[in-house]
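**Q** Contents are mmCIF, C-alpha atoms; file name work.cif:
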data_run
#
loop_
_atom_site.group_PDB
_atom_site.id
_atom_site.type_symbol
_atom_site.label_atom_id
_atom_site.label_comp_id
_atom_site.auth_asym_id
_atom_site.auth_seq_id
_atom_site.Cartn_x
_atom_site.Cartn_y
_atom_site.Cartn_z
ATOM 1 C CA MET G 1 103.474 140.825 102.934
ATOM 2 C CA THR G 2 105.458 138.588 105.301
ATOM 3 C CA THR G 3 109.029 137.359 105.007
ATOM 4 C CA ARG G 4 109.317 133.578 105.016
ATOM 5 C CA ALA G 5 112.406 131.336 105.206
ATOM 6 C CA VAL G 6 111.763 128.988 102.279
ATOM 7 C CA VAL G 7 113.694 125.794 101.543
ATOM 8 C CA LYS G 8 115.746 126.430 98.410
ATOM 9 C CA GLY G 9 117.814 123.225 98.274
ATOM 10 C CA VAL G 10 118.677 120.074 100.190
ATOM 11 C CA GLY G 11 121.475 117.497 100.178
ATOM 12 C CA HIS G 12 123.242 114.876 102.256
ATOM 13 C CA TYR G 13 126.387 112.802 102.558
ATOM 14 C CA LEU G 14 127.053 109.371 104.051
ATOM 15 C CA PRO G 15 130.516 107.856 104.592
ATOM 16 C CA GLU G 16 131.419 104.972 102.301
ATOM 17 C CA ARG G 17 131.779 102.372 105.054
ATOM 18 C CA VAL G 18 128.510 100.558 105.710
ATOM 19 C CA VAL G 19 128.334 98.544 108.943
ATOM 20 C CA PRO G 20 125.596 95.873 109.071
ATOM 21 C CA ASN G 21 124.281 94.587 112.399
ATOM 22 C CA ALA G 22 126.053 91.277 111.869
ATOM 23 C CA GLU G 23 129.418 93.003 112.265
ATOM 24 C CA PHE G 24 128.712 93.578 115.973
ATOM 25 C CA GLU G 25 128.147 89.840 116.546
ATOM 26 C CA LYS G 26 131.923 89.357 116.296
ATOM 27 C CA SER G 27 132.693 91.364 119.432
ATOM 28 C CA LEU G 28 129.464 91.699 121.427
ATOM 29 C CA ASP G 29 126.804 89.463 122.929
ATOM 30 C CA THR G 30 124.214 90.663 120.432
ATOM 31 C CA SER G 31 122.600 89.675 117.143
ATOM 32 C CA ASP G 32 121.059 91.194 114.068
ATOM 33 C CA GLU G 33 117.628 90.123 115.323
ATOM 34 C CA TRP G 34 118.189 91.710 118.768
ATOM 35 C CA ILE G 35 119.180 95.046 117.253
ATOM 36 C CA ARG G 36 116.405 95.086 114.634
ATOM 37 C CA THR G 37 113.706 94.145 117.132
ATOM 38 C CA ARG G 38 114.632 96.851 119.649
ATOM 39 C CA SER G 39 115.589 99.688 117.336
ATOM 40 C CA GLY G 40 114.601 99.000 113.720
ATOM 41 C CA ILE G 41 118.234 99.533 112.692
ATOM 42 C CA GLU G 42 119.727 97.222 110.072
ATOM 43 C CA ARG G 43 122.906 99.076 109.129
ATOM 44 C CA ARG G 44 124.694 102.372 109.615
ATOM 45 C CA HIS G 45 127.644 104.289 108.124
ATOM 46 C CA PHE G 46 130.935 104.986 109.916
ATOM 47 C CA ALA G 47 133.358 107.715 108.907
ATOM 48 C CA ALA G 48 136.845 106.724 107.775
ATOM 49 C CA GLU G 49 139.732 107.378 110.152
ATOM 50 C CA ASP G 50 140.776 110.498 108.258
ATOM 51 C CA GLU G 51 137.198 111.768 107.777
ATOM 52 C CA THR G 52 136.002 114.528 110.120
ATOM 53 C CA THR G 53 132.627 116.019 110.941
ATOM 54 C CA SER G 54 133.480 119.123 108.896
ATOM 55 C CA ASP G 55 134.317 116.889 105.926
ATOM 56 C CA LEU G 56 130.894 115.227 106.081
ATOM 57 C CA ALA G 57 129.200 118.604 106.581
ATOM 58 C CA SER G 58 131.040 120.126 103.604
ATOM 59 C CA PHE G 59 130.006 117.320 101.251
ATOM 60 C CA ALA G 60 126.367 117.704 102.333
ATOM 61 C CA ALA G 61 126.643 121.480 101.913
ATOM 62 C CA MET G 62 127.943 121.138 98.365
ATOM 63 C CA ALA G 63 125.071 118.785 97.515
ATOM 64 C CA ALA G 64 122.549 121.299 98.861
ATOM 65 C CA LEU G 65 124.169 124.146 96.918
ATOM 66 C CA LYS G 66 123.995 122.088 93.721
ATOM 67 C CA ASP G 67 120.345 121.272 94.357
ATOM 68 C CA ALA G 68 119.590 124.966 94.908
ATOM 69 C CA GLY G 69 121.593 126.123 91.892
ATOM 70 C CA LEU G 70 123.677 128.414 94.095
ATOM 71 C CA SER G 71 127.355 129.015 94.770
ATOM 72 C CA ALA G 72 129.046 129.258 98.171
ATOM 73 C CA ASP G 73 129.209 133.050 98.028
ATOM 74 C CA ASP G 74 125.436 133.236 97.562
ATOM 75 C CA ILE G 75 125.202 132.156 101.207
ATOM 76 C CA ASP G 76 125.168 134.739 104.009
ATOM 77 C CA ALA G 77 125.458 132.409 107.005
ATOM 78 C CA ILE G 78 126.160 128.808 107.985
ATOM 79 C CA VAL G 79 124.612 127.203 111.060
ATOM 80 C CA VAL G 80 125.915 123.738 111.919
ATOM 81 C CA ALA G 81 124.237 121.460 114.459
ATOM 82 C CA THR G 82 126.718 118.979 115.922
ATOM 83 C CA SER G 83 127.836 117.379 119.178
ATOM 84 C CA THR G 84 130.979 115.896 117.623
ATOM 85 C CA PRO G 85 133.046 118.836 116.320
ATOM 86 C CA ASP G 86 136.483 118.367 114.786
ATOM 87 C CA LEU G 87 138.069 120.495 117.518
ATOM 88 C CA THR G 88 137.004 122.220 120.728
ATOM 89 C CA PHE G 89 137.230 125.362 118.621
ATOM 90 C CA PRO G 90 136.941 126.875 116.060
ATOM 91 C CA SER G 91 133.432 125.953 115.011
ATOM 92 C CA VAL G 92 132.655 123.338 112.395
ATOM 93 C CA ALA G 93 130.699 126.044 110.561
ATOM 94 C CA THR G 94 133.821 128.116 109.919
ATOM 95 C CA MET G 95 135.658 125.003 108.738
ATOM 96 C CA VAL G 96 132.826 124.304 106.304
ATOM 97 C CA GLN G 97 132.975 127.941 105.203
ATOM 98 C CA GLN G 98 136.617 127.445 104.223
ATOM 99 C CA LYS G 99 136.135 124.024 102.630
ATOM 100 C CA ILE G 100 133.295 125.068 100.333
ATOM 101 C CA GLY G 101 135.092 128.272 99.295
ATOM 102 C CA MET G 102 132.750 130.751 100.995
ATOM 103 C CA THR G 103 134.643 134.030 101.441
ATOM 104 C CA ARG G 104 131.936 136.188 103.025
ATOM 105 C CA GLY G 105 129.264 136.036 105.707
ATOM 106 C CA PHE G 106 129.541 134.180 109.017
ATOM 107 C CA GLY G 107 129.100 130.777 110.619
ATOM 108 C CA PHE G 108 128.519 129.230 114.033
ATOM 109 C CA ASP G 109 127.637 125.910 115.654
ATOM 110 C CA VAL G 110 124.587 124.900 117.696
ATOM 111 C CA GLN G 111 124.798 122.097 120.258
ATOM 112 C CA ALA G 112 121.533 120.463 121.303
ATOM 113 C CA VAL G 113 122.538 116.845 120.596
ATOM 114 C CA CYS G 114 119.831 114.964 118.684
ATOM 115 C CA ALA G 115 117.554 118.029 118.755
ATOM 116 C CA GLY G 116 120.354 120.108 117.278
ATOM 117 C CA PHE G 117 118.964 120.425 113.763
ATOM 118 C CA VAL G 118 115.586 121.647 115.034
ATOM 119 C CA TYR G 119 117.417 124.273 117.098
ATOM 120 C CA ALA G 120 119.671 125.212 114.153
ATOM 121 C CA LEU G 121 116.701 125.512 111.799
ATOM 122 C CA THR G 122 114.903 127.762 114.279
ATOM 123 C CA ASN G 123 117.975 129.990 114.631
ATOM 124 C CA ALA G 124 118.414 130.178 110.858
ATOM 125 C CA ASN G 125 114.760 131.145 110.461
ATOM 126 C CA ALA G 126 115.235 133.925 113.014
ATOM 127 C CA LEU G 127 118.297 135.246 111.155
ATOM 128 C CA ILE G 128 116.217 135.538 107.998
ATOM 129 C CA LEU G 129 113.142 137.068 109.663
ATOM 130 C CA SER G 130 115.325 139.654 111.411
ATOM 131 C CA GLY G 131 116.992 140.649 108.136
ATOM 132 C CA GLN G 132 120.430 139.489 109.294
ATOM 133 C CA ALA G 133 120.726 137.069 106.376
ATOM 134 C CA LYS G 134 118.983 136.370 103.080
ATOM 135 C CA ARG G 135 120.248 132.815 102.613
ATOM 136 C CA VAL G 136 121.341 130.446 105.383
ATOM 137 C CA LEU G 137 122.958 127.045 104.968
ATOM 138 C CA VAL G 138 121.734 124.809 107.806
ATOM 139 C CA ILE G 139 123.676 121.596 108.405
ATOM 140 C CA GLY G 140 123.403 118.661 110.787
ATOM 141 C CA ALA G 141 126.616 116.603 110.891
ATOM 142 C CA GLU G 142 127.933 113.970 113.288
ATOM 143 C CA THR G 143 130.684 111.400 113.775
ATOM 144 C CA PHE G 144 129.175 109.626 116.774
ATOM 145 C CA SER G 145 131.340 106.581 116.098
ATOM 146 C CA ARG G 146 134.148 108.572 117.781
ATOM 147 C CA ILE G 147 132.363 108.678 121.153
ATOM 148 C CA MET G 148 131.054 105.116 121.394
ATOM 149 C CA ASP G 149 131.924 102.652 124.147
ATOM 150 C CA TRP G 150 132.371 99.558 121.998
ATOM 151 C CA THR G 151 131.813 97.275 125.009
ATOM 152 C CA ASP G 152 128.320 98.682 125.681
ATOM 153 C CA ARG G 153 125.931 96.733 123.463
ATOM 154 C CA ALA G 154 122.985 98.903 124.537
ATOM 155 C CA THR G 155 124.414 102.017 122.886
ATOM 156 C CA CYS G 156 127.187 101.318 120.375
ATOM 157 C CA VAL G 157 124.870 99.467 117.960
ATOM 158 C CA LEU G 158 122.466 102.406 117.726
ATOM 159 C CA PHE G 159 124.507 105.250 116.279
ATOM 160 C CA GLY G 160 125.964 106.160 112.920
ATOM 161 C CA ASP G 161 127.753 108.977 111.102
ATOM 162 C CA GLY G 162 126.495 111.282 108.374
ATOM 163 C CA ALA G 163 125.454 114.795 107.394
ATOM 164 C CA GLY G 164 122.491 116.552 105.851
ATOM 165 C CA ALA G 165 122.016 120.151 104.767
ATOM 166 C CA LEU G 166 119.362 122.511 103.517
ATOM 167 C CA ILE G 167 119.370 126.107 102.358
ATOM 168 C CA LEU G 168 116.785 128.597 103.592
ATOM 169 C CA GLU G 169 116.114 131.691 101.482
ATOM 170 C CA ALA G 170 114.137 134.821 102.328
ATOM 171 C CA GLN G 171 111.025 135.050 100.173
ATOM 172 C CA GLU G 172 107.812 137.016 100.433
ATOM 173 C CA GLY G 173 104.712 135.287 101.764
ATOM 174 C CA THR G 174 101.169 136.351 102.536
ATOM 175 C CA GLY G 175 101.350 135.637 106.259
ATOM 176 C CA VAL G 176 99.002 132.652 106.195
ATOM 177 C CA ASN G 177 99.760 128.984 106.859
ATOM 178 C CA ALA G 178 99.479 128.185 103.141
ATOM 179 C CA ASP G 179 102.795 130.029 102.615
ATOM 180 C CA ARG G 180 105.901 128.039 101.743
ATOM 181 C CA GLY G 181 108.703 128.093 104.293
ATOM 182 C CA VAL G 182 109.142 127.760 108.034
ATOM 183 C CA LEU G 183 105.731 128.424 109.593
ATOM 184 C CA SER G 184 106.427 127.846 113.286
ATOM 185 C CA ALA G 185 108.790 126.329 115.822
ATOM 186 C CA ASP G 186 108.659 125.106 119.396
ATOM 187 C CA LEU G 187 111.819 124.595 121.471
ATOM 188 C CA ASN G 188 112.176 123.105 124.961
ATOM 189 C CA SER G 189 114.799 121.847 127.382
ATOM 190 C CA ASP G 190 114.947 120.505 130.941
ATOM 191 C CA GLY G 191 118.351 120.012 132.556
ATOM 192 C CA ARG G 192 116.917 117.801 135.313
ATOM 193 C CA TYR G 193 117.041 114.892 132.859
ATOM 194 C CA LYS G 194 120.762 115.198 132.031
ATOM 195 C CA ASP G 195 121.660 111.713 133.258
ATOM 196 C CA MET G 196 119.360 110.025 130.740
ATOM 197 C CA LEU G 197 121.728 110.826 127.866
ATOM 198 C CA PHE G 198 125.176 112.350 128.211
ATOM 199 C CA VAL G 199 128.862 111.978 127.389
ATOM 200 C CA ASP G 200 131.113 111.339 130.382
ATOM 201 C CA GLY G 201 133.941 113.651 129.323
ATOM 202 C CA GLY G 202 134.694 117.222 128.369
ATOM 203 C CA VAL G 203 137.166 120.089 128.394
ATOM 204 C CA SER G 204 136.523 121.303 131.945
ATOM 205 C CA THR G 205 136.001 117.867 133.525
ATOM 206 C CA THR G 206 138.081 114.956 132.252
ATOM 207 C CA GLY G 207 140.017 116.768 129.553
ATOM 208 C CA ASP G 208 139.035 114.211 126.899
ATOM 209 C CA SER G 209 136.002 113.665 124.713
ATOM 210 C CA GLY G 210 134.494 110.853 126.820
ATOM 211 C CA LYS G 211 131.969 108.177 125.860
ATOM 212 C CA LEU G 212 128.208 108.247 125.365
ATOM 213 C CA ARG G 213 126.024 107.003 128.232
ATOM 214 C CA MET G 214 122.281 106.440 127.980
ATOM 215 C CA GLN G 215 119.356 105.225 130.076
ATOM 216 C CA GLY G 216 117.392 103.831 127.160
ATOM 217 C CA ASN G 217 114.142 102.795 128.847
ATOM 218 C CA ALA G 218 113.772 106.039 130.790
ATOM 219 C CA LEU G 219 114.532 108.088 127.680
ATOM 220 C CA PHE G 220 111.969 106.156 125.623
ATOM 221 C CA ARG G 221 109.224 107.025 128.109
ATOM 222 C CA GLN G 222 110.082 110.726 127.912
ATOM 223 C CA ALA G 223 110.505 110.775 124.144
ATOM 224 C CA VAL G 224 107.051 109.832 122.879
ATOM 225 C CA GLU G 225 105.242 112.178 125.256
ATOM 226 C CA LYS G 226 107.508 115.162 124.629
ATOM 227 C CA LEU G 227 107.720 114.698 120.858
ATOM 228 C CA THR G 228 103.951 114.490 120.538
ATOM 229 C CA SER G 229 103.462 117.550 122.718
ATOM 230 C CA THR G 230 105.996 119.729 120.891
ATOM 231 C CA ALA G 231 104.582 118.769 117.473
ATOM 232 C CA HIS G 232 101.061 119.680 118.616
ATOM 233 C CA THR G 233 102.292 122.989 120.021
ATOM 234 C CA ALA G 234 104.111 123.945 116.811
ATOM 235 C CA LEU G 235 101.046 123.118 114.695
ATOM 236 C CA THR G 236 98.685 124.999 117.010
ATOM 237 C CA LYS G 237 100.821 128.141 116.741
ATOM 238 C CA VAL G 238 99.792 128.468 113.096
ATOM 239 C CA GLY G 239 96.251 127.183 113.418
ATOM 240 C CA LEU G 240 96.909 123.739 111.969
ATOM 241 C CA THR G 241 95.878 120.279 113.135
ATOM 242 C CA ASP G 242 97.377 116.805 112.792
ATOM 243 C CA GLU G 243 95.095 116.126 109.813
ATOM 244 C CA ALA G 244 96.859 118.834 107.785
ATOM 245 C CA VAL G 245 100.243 117.095 108.023
ATOM 246 C CA ASP G 246 101.530 115.489 104.824
ATOM 247 C CA TRP G 247 104.772 114.166 106.295
ATOM 248 C CA ILE G 248 106.309 113.713 109.702
ATOM 249 C CA VAL G 249 110.090 113.843 109.381
ATOM 250 C CA PRO G 250 111.267 112.709 112.810
ATOM 251 C CA HIS G 251 114.621 112.307 114.458
ATOM 252 C CA GLN G 252 115.643 108.769 113.531
ATOM 253 C CA ALA G 253 116.504 107.330 116.936
ATOM 254 C CA ASN G 254 114.364 104.231 117.279
ATOM 255 C CA ILE G 255 111.526 102.818 115.178
ATOM 256 C CA ARG G 256 109.377 102.264 118.279
ATOM 257 C CA ILE G 257 109.647 105.952 119.247
ATOM 258 C CA ILE G 258 108.806 106.962 115.673
ATOM 259 C CA GLN G 259 105.792 104.627 115.606
ATOM 260 C CA GLY G 260 104.596 105.691 119.064
ATOM 261 C CA THR G 261 104.775 109.388 118.210
ATOM 262 C CA ALA G 262 103.020 108.927 114.860
ATOM 263 C CA LYS G 263 100.229 106.991 116.547
ATOM 264 C CA LYS G 264 99.662 109.706 119.161
ATOM 265 C CA LEU G 265 99.618 112.333 116.403
ATOM 266 C CA GLY G 266 97.128 110.264 114.423
ATOM 267 C CA VAL G 267 99.403 110.143 111.384
ATOM 268 C CA PRO G 268 99.744 106.762 109.590
ATOM 269 C CA MET G 269 103.243 105.368 109.114
ATOM 270 C CA ASP G 270 102.982 105.691 105.338
ATOM 271 C CA ARG G 271 103.167 109.459 105.914
ATOM 272 C CA VAL G 272 106.320 109.240 108.034
ATOM 273 C CA ILE G 273 109.804 109.463 106.507
ATOM 274 C CA VAL G 274 111.787 106.574 108.001
ATOM 275 C CA THR G 275 115.517 106.098 107.390
ATOM 276 C CA VAL G 276 116.591 104.630 110.740
ATOM 277 C CA GLN G 277 116.988 101.169 109.186
ATOM 278 C CA ASP G 278 119.751 102.417 106.871
ATOM 279 C CA HIS G 279 121.421 105.189 108.888
ATOM 280 C CA GLY G 280 120.966 104.344 112.550
ATOM 281 C CA ASN G 281 120.792 107.289 114.931
ATOM 282 C CA THR G 282 122.902 110.057 113.396
ATOM 283 C CA SER G 283 121.868 112.569 116.069
ATOM 284 C CA ALA G 284 121.683 116.127 114.664
ATOM 285 C CA ALA G 285 122.198 114.779 111.136
ATOM 286 C CA SER G 286 119.178 112.487 111.156
ATOM 287 C CA ILE G 287 116.426 114.973 110.237
ATOM 288 C CA PRO G 288 118.267 116.607 107.308
ATOM 289 C CA LEU G 289 119.345 113.159 106.113
ATOM 290 C CA ALA G 290 115.701 112.067 106.197
ATOM 291 C CA LEU G 291 114.559 115.256 104.445
ATOM 292 C CA SER G 292 117.099 114.826 101.654
ATOM 293 C CA THR G 293 116.242 111.146 101.298
ATOM 294 C CA GLY G 294 112.518 111.899 101.218
ATOM 295 C CA VAL G 295 113.020 114.422 98.414
ATOM 296 C CA ALA G 296 115.342 112.095 96.467
ATOM 297 C CA GLU G 297 112.750 109.304 96.672
ATOM 298 C CA GLY G 298 110.043 111.594 95.306
ATOM 299 C CA LYS G 299 107.985 111.546 98.496
ATOM 300 C CA ILE G 300 108.348 115.142 99.695
ATOM 301 C CA LYS G 301 107.016 117.611 97.122
ATOM 302 C CA GLN G 302 106.599 121.366 96.928
ATOM 303 C CA GLY G 303 103.590 122.503 98.934
ATOM 304 C CA ASP G 304 103.644 119.552 101.344
ATOM 305 C CA LEU G 305 103.250 120.341 105.046
ATOM 306 C CA LEU G 306 106.040 118.809 107.132
ATOM 307 C CA VAL G 307 106.554 118.460 110.866
ATOM 308 C CA THR G 308 110.096 117.756 112.023
ATOM 309 C CA GLU G 309 110.574 116.802 115.669
ATOM 310 C CA ALA G 310 113.474 115.568 117.786
ATOM 311 C CA ILE G 311 114.619 114.948 121.352
ATOM 312 C CA GLY G 312 118.164 114.599 122.628
ATOM 313 C CA GLY G 313 120.503 115.020 125.556
ATOM 314 C CA GLY G 314 119.788 117.896 127.892
ATOM 315 C CA LEU G 315 117.056 116.915 127.657
ATOM 316 C CA ALA G 316 116.379 119.177 124.684
ATOM 317 C CA TRP G 317 113.453 118.754 122.313
ATOM 318 C CA GLY G 318 111.413 120.655 119.772
ATOM 319 C CA ALA G 319 109.529 120.748 116.496
ATOM 320 C CA VAL G 320 109.414 122.859 113.344
ATOM 321 C CA VAL G 321 106.495 123.124 110.913
ATOM 322 C CA ILE G 322 107.548 123.715 107.291
ATOM 323 C CA ARG G 323 105.594 124.146 104.083
ATOM 324 C CA TRP G 324 107.978 122.633 101.505
#
Represent the structure from my file as structure tokens, please.

**A**
Amino acid sequence: MTTRAVVKGVGHYLPERVVPNAEFEKSLDTSDEWIRTRSGIERRHFAAEDETTSDLASFAAMAALKDAGLSADDIDAIVVATSTPDLTFPSVATMVQQKIGMTRGFGFDVQAVCAGFVYALTNANALILSGQAKRVLVIGAETFSRIMDWTDRATCVLFGDGAGALILEAQEGTGVNADRGVLSADLNSDGRYKDMLFVDGGVSTTGDSGKLRMQGNALFRQAVEKLTSTAHTALTKVGLTDEAVDWIVPHQANIRIIQGTAKKLGVPMDRVIVTVQDHGNTSAASIPLALSTGVAEGKIKQGDLLVTEAIGGGLAWGAVVIRW
């Protein structure tokens, strides 16, 4: 028998404020058509002034716990993927631990920008396979609206706030790729590409949080190639091919990247979970948001084979293959 990290529950949270593309026309030389054509985004959610990343993460966590039929103290560990923490320290994970009433176990954050949830999921899987934890709450949560340069029309229209969560539970499998749970993962990074996507501030440089900077065209060219490659690698590790994939659940950065990657993988768009039109790019939150949405809409069902893939600042990228 083989231990598998199986998805037990999923949930998400979006702030109440919805910001349509038209709202940016008031302050920027842009239009709804310009934004839709280049990104596929129609609207996004922004957190309220008094709403923090840990607030969003906690709401998503509670939704996942409800879906799983578990309580906070059934969880052994919390792993939060975020690039927009409430504070420099402590971690968002420990804040979530307190807010959901979890009085045992441990929590920590993972920072790999838009690839953060893939990295967090891989770490959570390792905790379960090593016997360190039986149940792990994995969360992607962001308030990217706090690091936008509102004069830069190329970036500020792309991002949104939100959180998604899932719970992984140790269960016995047979060791074959028909098992439910995380089947494989592939992680990569290359610091030579830092200038393509970064924030121009930090504790040991400017002393403030800074603003997001991006070279969109250069990043697009890297994204499709690297996302396709990492998805293929993750599938090959468990002897699977593109044809076996029921759903691609990609990082929701740009509809053209999503379409380009799906085409190279040979997967039709009707087997891709797409939420970018409603959420914008929520960085580490985008994959769990898409997973939760896909389940809520009745698309993702038990036994389906999923590939999640993402690329973000670093550059950091990777993929995880999951049998739902």

**Q** Mind telling me what the PyMOL selection byres ((chain G and resi 239) around 12) catches here, as a count of residues only?

**A** 18

**Q** For the atom pair atom CA of G:Tyr193 and atom CA of G:Val113, what is the interatomic distance in Å to one decimal place?

**A** 13.6 Å

**Q** Residues around (115.3, 124.8, 130.6), cut-off 9 Å, counting all atoms listed in the file - what are they as a VMD selection string?

**A** chain G and resid 188 to 192 314 to 316

**Q** Please, which residues are within 12 Å of (113.3, 128.7, 108.2) by the file's coordinates, counting only C-alpha atoms, and could they come as number ranges by chain?

**A** G: 3-8, 79, 117-130, 133-138, 166-171, 179-185, 320-324

**Q** How far is it from atom CA of G:Arg221 to atom CA of G:Ser39, in Å with one decimal?

**A**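 Separation between atom CA of G:Arg221 and atom CA of G:Ser39: 14.5 Å.
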
**Q** Could you jot down the atom CA of G:Gly280 to atom CA of G:Lys99 separation for me, Å, one decimal place?

**A**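 Atom CA of G:Lys99 lies 26.8 Å from atom CA of G:Gly280.
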
**Q** Which residue out of G:Val245, G:Ala253, G:Leu265, G:Cys156 has the minimum interatomic distance to G:Ile311 when all atoms listed in the file are used?

**A**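 Using all atoms listed in the file, G:Ile311 sits closest to G:Ala253.
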
**Q** Neighbours of G:Gly201 within 10 Å (all atoms listed in the file; same-chain residues fewer than 4 positions away dropped), as a list in words?

**A**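 Counting only the stated atoms, we get Ile147, Thr205, Thr206, Gly207, Asp208, Ser209, Gly210, Lys211 and Leu212 of chain G.
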
**Q** Any idea what's packed within 6 Å of G:Ala284, counting only C-alpha atoms, ignoring anything in its chain fewer than 6 positions away? Could you give it as number ranges by chain?

**A** G: 81-82, 114, 116-117, 140

**Q** Would you mind completing stretch 253-268 of chain G to N, CA and C atoms and writing the output as a short mmCIF file (atom, residue, chain, number, x, y, z; two decimals), keeping the file's coordinate frame?

**A**
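Below is the file selection_24.cif, written as the result:
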data_model
loop_
_atom_site.label_atom_id
_atom_site.label_comp_id
_atom_site.auth_asym_id
_atom_site.auth_seq_id
_atom_site.Cartn_x
_atom_site.Cartn_y
_atom_site.Cartn_z
N ALA G 253 115.83 107.95 115.80
CA ALA G 253 116.50 107.33 116.94
C ALA G 253 116.14 105.86 117.09
N ASN G 254 114.86 105.56 116.97
CA ASN G 254 114.36 104.23 117.28
C ASN G 254 113.00 104.09 116.61
N ILE G 255 112.77 102.99 115.91
CA ILE G 255 111.53 102.82 115.18
C ILE G 255 110.33 102.80 116.12
N ARG G 256 110.50 102.31 117.34
CA ARG G 256 109.38 102.26 118.28
C ARG G 256 108.98 103.66 118.74
N ILE G 257 109.96 104.56 118.91
CA ILE G 257 109.65 105.95 119.25
C ILE G 257 108.94 106.62 118.08
N ILE G 258 109.42 106.38 116.87
CA ILE G 258 108.81 106.96 115.67
C ILE G 258 107.36 106.49 115.54
N GLN G 259 107.14 105.18 115.72
CA GLN G 259 105.79 104.63 115.61
C GLN G 259 104.88 105.15 116.70
N GLY G 260 105.39 105.22 117.94
CA GLY G 260 104.60 105.69 119.06
C GLY G 260 104.17 107.14 118.90
N THR G 261 105.09 107.98 118.41
CA THR G 261 104.78 109.39 118.21
C THR G 261 103.76 109.56 117.08
N ALA G 262 103.96 108.84 115.98
CA ALA G 262 103.02 108.93 114.86
C ALA G 262 101.61 108.51 115.29
N LYS G 263 101.53 107.47 116.08
CA LYS G 263 100.23 106.99 116.55
C LYS G 263 99.52 108.05 117.38
N LYS G 264 100.26 108.68 118.30
CA LYS G 264 99.66 109.71 119.16
C LYS G 264 99.26 110.94 118.35
N LEU G 265 99.97 111.20 117.26
CA LEU G 265 99.62 112.33 116.40
C LEU G 265 98.50 111.98 115.42
N GLY G 266 98.17 110.70 115.34
CA GLY G 266 97.13 110.26 114.42
C GLY G 266 97.55 110.28 112.97
N VAL G 267 98.87 110.14 112.75
CA VAL G 267 99.40 110.14 111.38
C VAL G 267 99.85 108.72 111.03
N PRO G 268 99.34 108.13 109.95
CA PRO G 268 99.74 106.76 109.59
C PRO G 268 101.21 106.69 109.19
#
